[in-house]
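Here's the structure, in structure tokens; my notes come after.
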Amino acid sequence: MEPDLPRGLGPEAHLSARTNAKRLGLALLVWALLLGSIAQDAAANDADPRHWLLQTGIYGRHYGSRPDLNEDYRYLGLEYHWVTRWLVGAATFRNSFDQPSQMLYGGKLWRPLEERAPLLHVKLVGGLVHGYKGEYDDNIPWNEYGIAPMVLPTVGVSGKRFTTDLVFYYRAGFLVTVGVFF
């Protein structure tokens with residue numbers, strides 16, 4: 001027997017909702033395990049804060065309810081952090097319209113509550129994003145030749161070896177990432 005679906009949605013929408021719920025559950029489990037690992041790893045990595053960070057996206061969501069938007073970003077990023085907490089990075093991902101996309105950026109990481117919450121950080125990066133092309137080129141501001149400027153605020157927690165971030169994409173949505181320092 002078919003489950004009751006909202007008017008105008010077929011079985012694909014139900015499967016998509018079930019798949020998204022499973023992804024969310026898995027992402028929350030990974031995130032919780034990672035937070036536990038970070039808490040155990042509370043010795044700050046400030047002894048030598050120059051390091052590489054490899055990260056991947058585990059869950060993403062758009063704020064609106066457009067079923068045609070890609071929610072599986074397949075995000076993979078690499079950052080280098082200097083002693084001064086400045087950073088540079090590059091990432092590859094599938095954009096909202098399932099097009100291959102890339103970012104090059106620089107930014108800064110702060111620990112505003114270092115005394116009370118040493119694991120908490122905020123990060124602000126800016127750079128260039130490439131990949132919004134064809135009929136979707138006007139979906140990102142100032143997109144010329146498939147390249148546009150971007151600014152992304154982030155809130156996260158990090159320990160000596162692992163990190164997780166909540167990245168906000170303009171007014172469009174967010175992405176949860178997990179990463180490992182090396």
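Naming scheme: A, B, ... for chains in displayed order of the structure tokens; residues 1 onward per chain; ligands 1 onward as shown.
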
As a ChimeraX atom specification, please: every residue in segment 20-175 of chain A that a backbone DSSP assignment puts in strand (DSSP E). /A:51-62,76-81,86-94,100-110,120-130,147-158,162-169,173-175

Would you tabulate, counting only C-alpha atoms, all residues of segment 76-179 of chain A that have an atom at most 10 Å from an atom of segment 50-55 of chain A, showing the closest pair of atoms and their distance in Å to one decimal, sorted by chain then ascending number, as CSV?
residue,atom,partner,partner_atom,distance
A:Leu76,CA,A:Gln55,CA,5.9
A:Gly77,CA,A:Gln55,CA,5.2
A:Leu78,CA,A:Leu54,CA,4.7
A:Glu79,CA,A:Leu53,CA,5.0
A:Tyr80,CA,A:Trp52,CA,4.5
A:His81,CA,A:Arg50,CA,5.3
A:Trp82,CA,A:Arg50,CA,4.5
A:Val83,CA,A:Arg50,CA,5.1
A:Thr84,CA,A:Arg50,CA,8.5
A:Arg85,CA,A:Arg50,CA,8.2
A:Trp86,CA,A:Arg50,CA,9.6
A:Leu87,CA,A:Arg50,CA,9.4
A:Val88,CA,A:Trp52,CA,9.8
A:Gly89,CA,A:Leu53,CA,9.0
A:Ala91,CA,A:Gln55,CA,9.0
A:Arg161,CA,A:Leu53,CA,9.2
A:Phe162,CA,A:Leu53,CA,8.8
A:Thr163,CA,A:Gln55,CA,8.4
A:Thr164,CA,A:Gln55,CA,8.5
A:Asp165,CA,A:Gln55,CA,9.4
A:Thr177,CA,A:Gln55,CA,6.4
A:Val178,CA,A:Gln55,CA,5.4
A:Gly179,CA,A:Gln55,CA,3.8

Straight-line distance linking atom CA of Arg74 of chain A with atom CA of Leu120 of chain A, stated in Å to one decimal: 25.1 Å

List as a list in words the protein and nucleic acid residues near Glu71 of chain A, meaning an atom at most 8 Å away when only C-alpha atoms are counted, but skip any in the same chain fewer than 4 places from it. Gly60, Arg61, His62 and Ser96 of chain A

Near Gly64 of chain A, counting only C-alpha atoms, which residues have an atom at most 10 Å away, once you skip same-chain residues fewer than 3 positions from it, shown as an mmCIF file with C-alpha atoms, in the first residue's frame?
data_model
loop_
_atom_site.group_PDB
_atom_site.id
_atom_site.type_symbol
_atom_site.label_atom_id
_atom_site.label_comp_id
_atom_site.auth_asym_id
_atom_site.auth_seq_id
_atom_site.Cartn_x
_atom_site.Cartn_y
_atom_site.Cartn_z
ATOM 1 C CA ARG A 61 20.279 21.582 3.058
ATOM 2 C CA PRO A 67 12.688 19.651 -4.818
ATOM 3 C CA LEU A 69 17.810 21.525 -5.936
ATOM 4 C CA ARG A 171 20.714 32.947 1.865
ATOM 5 C CA ALA A 172 20.593 29.586 0.085
ATOM 6 C CA GLY A 173 21.447 26.996 2.710
#

Hey, can you check how far atom CA of Tyr169 of chain A sits from atom CA of Leu113 of chain A? 24.0 Å

Pick out each residue of segment 27-156 of chain A that DSSP on the backbone tags as alpha helix (DSSP H); I need them as a PyMOL selection string. chain A and resi 27-40

What would the file look like if the residues just selected were written as an mmCIF file, in the first residue's frame with N, CA, C and O atoms?
data_model
loop_
_atom_site.group_PDB
_atom_site.id
_atom_site.type_symbol
_atom_site.label_atom_id
_atom_site.label_comp_id
_atom_site.auth_asym_id
_atom_site.auth_seq_id
_atom_site.Cartn_x
_atom_site.Cartn_y
_atom_site.Cartn_z
ATOM 1 N N ALA A 27 24.462 11.691 9.351
ATOM 2 C CA ALA A 27 25.263 12.901 9.579
ATOM 3 C C ALA A 27 25.268 13.264 11.063
ATOM 4 O O ALA A 27 26.314 13.625 11.613
ATOM 5 N N LEU A 28 24.120 13.187 11.734
ATOM 6 C CA LEU A 28 24.049 13.500 13.162
ATOM 7 C C LEU A 28 24.872 12.516 13.991
ATOM 8 O O LEU A 28 25.552 12.907 14.949
ATOM 9 N N LEU A 29 24.844 11.234 13.619
ATOM 10 C CA LEU A 29 25.632 10.232 14.323
ATOM 11 C C LEU A 29 27.126 10.511 14.162
ATOM 12 O O LEU A 29 27.878 10.526 15.140
ATOM 13 N N VAL A 30 27.568 10.747 12.920
ATOM 14 C CA VAL A 30 28.982 11.062 12.672
ATOM 15 C C VAL A 30 29.372 12.326 13.425
ATOM 16 O O VAL A 30 30.435 12.394 14.042
ATOM 17 N N TRP A 31 28.513 13.328 13.391
ATOM 18 C CA TRP A 31 28.785 14.598 14.058
ATOM 19 C C TRP A 31 28.917 14.394 15.563
ATOM 20 O O TRP A 31 29.821 14.913 16.204
ATOM 21 N N ALA A 32 28.023 13.618 16.165
ATOM 22 C CA ALA A 32 28.075 13.364 17.602
ATOM 23 C C ALA A 32 29.356 12.612 17.978
ATOM 24 O O ALA A 32 30.015 12.936 18.970
ATOM 25 N N LEU A 33 29.715 11.598 17.190
ATOM 26 C CA LEU A 33 30.955 10.868 17.454
ATOM 27 C C LEU A 33 32.167 11.779 17.325
ATOM 28 O O LEU A 33 33.098 11.721 18.126
ATOM 29 N N LEU A 34 32.136 12.627 16.314
ATOM 30 C CA LEU A 34 33.240 13.555 16.112
ATOM 31 C C LEU A 34 33.342 14.557 17.255
ATOM 32 O O LEU A 34 34.430 14.848 17.748
ATOM 33 N N LEU A 35 32.210 15.094 17.710
ATOM 34 C CA LEU A 35 32.226 16.029 18.836
ATOM 35 C C LEU A 35 32.788 15.367 20.090
ATOM 36 O O LEU A 35 33.553 15.982 20.839
ATOM 37 N N GLY A 36 32.434 14.106 20.309
ATOM 38 C CA GLY A 36 32.994 13.375 21.446
ATOM 39 C C GLY A 36 34.502 13.224 21.317
ATOM 40 O O GLY A 36 35.242 13.405 22.279
ATOM 41 N N SER A 37 34.954 12.917 20.127
ATOM 42 C CA SER A 37 36.386 12.789 19.885
ATOM 43 C C SER A 37 37.103 14.117 20.075
ATOM 44 O O SER A 37 38.187 14.180 20.654
ATOM 45 N N ILE A 38 36.491 15.199 19.607
ATOM 46 C CA ILE A 38 37.076 16.530 19.764
ATOM 47 C C ILE A 38 37.166 16.892 21.241
ATOM 48 O O ILE A 38 38.167 17.420 21.708
ATOM 49 N N ALA A 39 36.119 16.587 22.002
ATOM 50 C CA ALA A 39 36.123 16.916 23.425
ATOM 51 C C ALA A 39 37.234 16.168 24.152
ATOM 52 O O ALA A 39 37.904 16.722 25.022
ATOM 53 N N GLN A 40 37.469 14.908 23.787
ATOM 54 C CA GLN A 40 38.555 14.142 24.395
ATOM 55 C C GLN A 40 39.907 14.694 23.965
ATOM 56 O O GLN A 40 40.904 14.529 24.637
#

Find the spatial neighbours of Asn143 of chain A, counting only C-alpha atoms, within a cut-off of 9 Å - ignore same-chain residues fewer than 4 positions away - and output them as JSON, numbers by chain. {"A": [129, 130, 132, 133, 137, 138, 139, 147, 148, 149]}

Can those selected residues be exported to a file as an mmCIF file, in the first residue's frame so that it contains N, CA, C and O atoms?
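Result file is part15.cif:
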data_model
loop_
_atom_site.group_PDB
_atom_site.id
_atom_site.type_symbol
_atom_site.label_atom_id
_atom_site.label_comp_id
_atom_site.auth_asym_id
_atom_site.auth_seq_id
_atom_site.Cartn_x
_atom_site.Cartn_y
_atom_site.Cartn_z
ATOM 1 N N VAL A 129 34.273 31.402 -6.671
ATOM 2 C CA VAL A 129 33.603 30.130 -6.923
ATOM 3 C C VAL A 129 33.370 30.026 -8.430
ATOM 4 O O VAL A 129 33.061 31.014 -9.100
ATOM 5 N N HIS A 130 33.547 28.826 -8.960
ATOM 6 C CA HIS A 130 33.399 28.569 -10.393
ATOM 7 C C HIS A 130 32.449 27.391 -10.582
ATOM 8 O O HIS A 130 32.471 26.447 -9.801
ATOM 9 N N TYR A 132 28.824 27.727 -11.813
ATOM 10 C CA TYR A 132 27.409 28.035 -12.044
ATOM 11 C C TYR A 132 27.294 28.510 -13.483
ATOM 12 O O TYR A 132 27.591 29.654 -13.795
ATOM 13 N N LYS A 133 26.885 27.602 -14.364
ATOM 14 C CA LYS A 133 26.925 27.883 -15.800
ATOM 15 C C LYS A 133 25.565 27.680 -16.455
ATOM 16 O O LYS A 133 24.635 27.158 -15.850
ATOM 17 N N ASP A 137 23.532 30.422 -14.449
ATOM 18 C CA ASP A 137 24.601 31.383 -14.176
ATOM 19 C C ASP A 137 24.131 32.624 -13.423
ATOM 20 O O ASP A 137 24.925 33.284 -12.773
ATOM 21 N N ASP A 138 22.841 32.922 -13.457
ATOM 22 C CA ASP A 138 22.352 34.103 -12.739
ATOM 23 C C ASP A 138 21.854 33.766 -11.327
ATOM 24 O O ASP A 138 21.291 34.602 -10.645
ATOM 25 N N ASN A 139 22.095 32.542 -10.867
ATOM 26 C CA ASN A 139 21.658 32.140 -9.529
ATOM 27 C C ASN A 139 22.678 32.467 -8.448
ATOM 28 O O ASN A 139 22.446 32.179 -7.276
ATOM 29 N N ILE A 147 32.424 32.505 -13.065
ATOM 30 C CA ILE A 147 33.229 32.771 -11.871
ATOM 31 C C ILE A 147 32.595 33.920 -11.100
ATOM 32 O O ILE A 147 32.252 34.944 -11.682
ATOM 33 N N ALA A 148 32.444 33.739 -9.773
ATOM 34 C CA ALA A 148 31.809 34.771 -8.952
ATOM 35 C C ALA A 148 32.527 34.887 -7.608
ATOM 36 O O ALA A 148 33.098 33.906 -7.111
ATOM 37 N N PRO A 149 32.477 36.077 -7.006
ATOM 38 C CA PRO A 149 33.034 36.211 -5.652
ATOM 39 C C PRO A 149 32.102 35.552 -4.645
ATOM 40 O O PRO A 149 30.898 35.431 -4.875
#

Using only C-alpha atoms, which protein or nucleic acid residues come within 8 Å of Phe97 of chain A? Drop anything in the same chain fewer than 5 positions from it, and give the result as number ranges by chain. A: 68-70, 136

Residues at most 9 Å from Val155 of chain A, counting only C-alpha atoms, excluding those fewer than 6 positions away in the same chain, as number ranges by chain? A: 120-124, 164-168

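Considering only C-alpha atoms, the residue among A:Ile140, A:Leu128, A:Leu175, A:Leu119 positioned nearest to Gly159 of chain A is A:Leu119.
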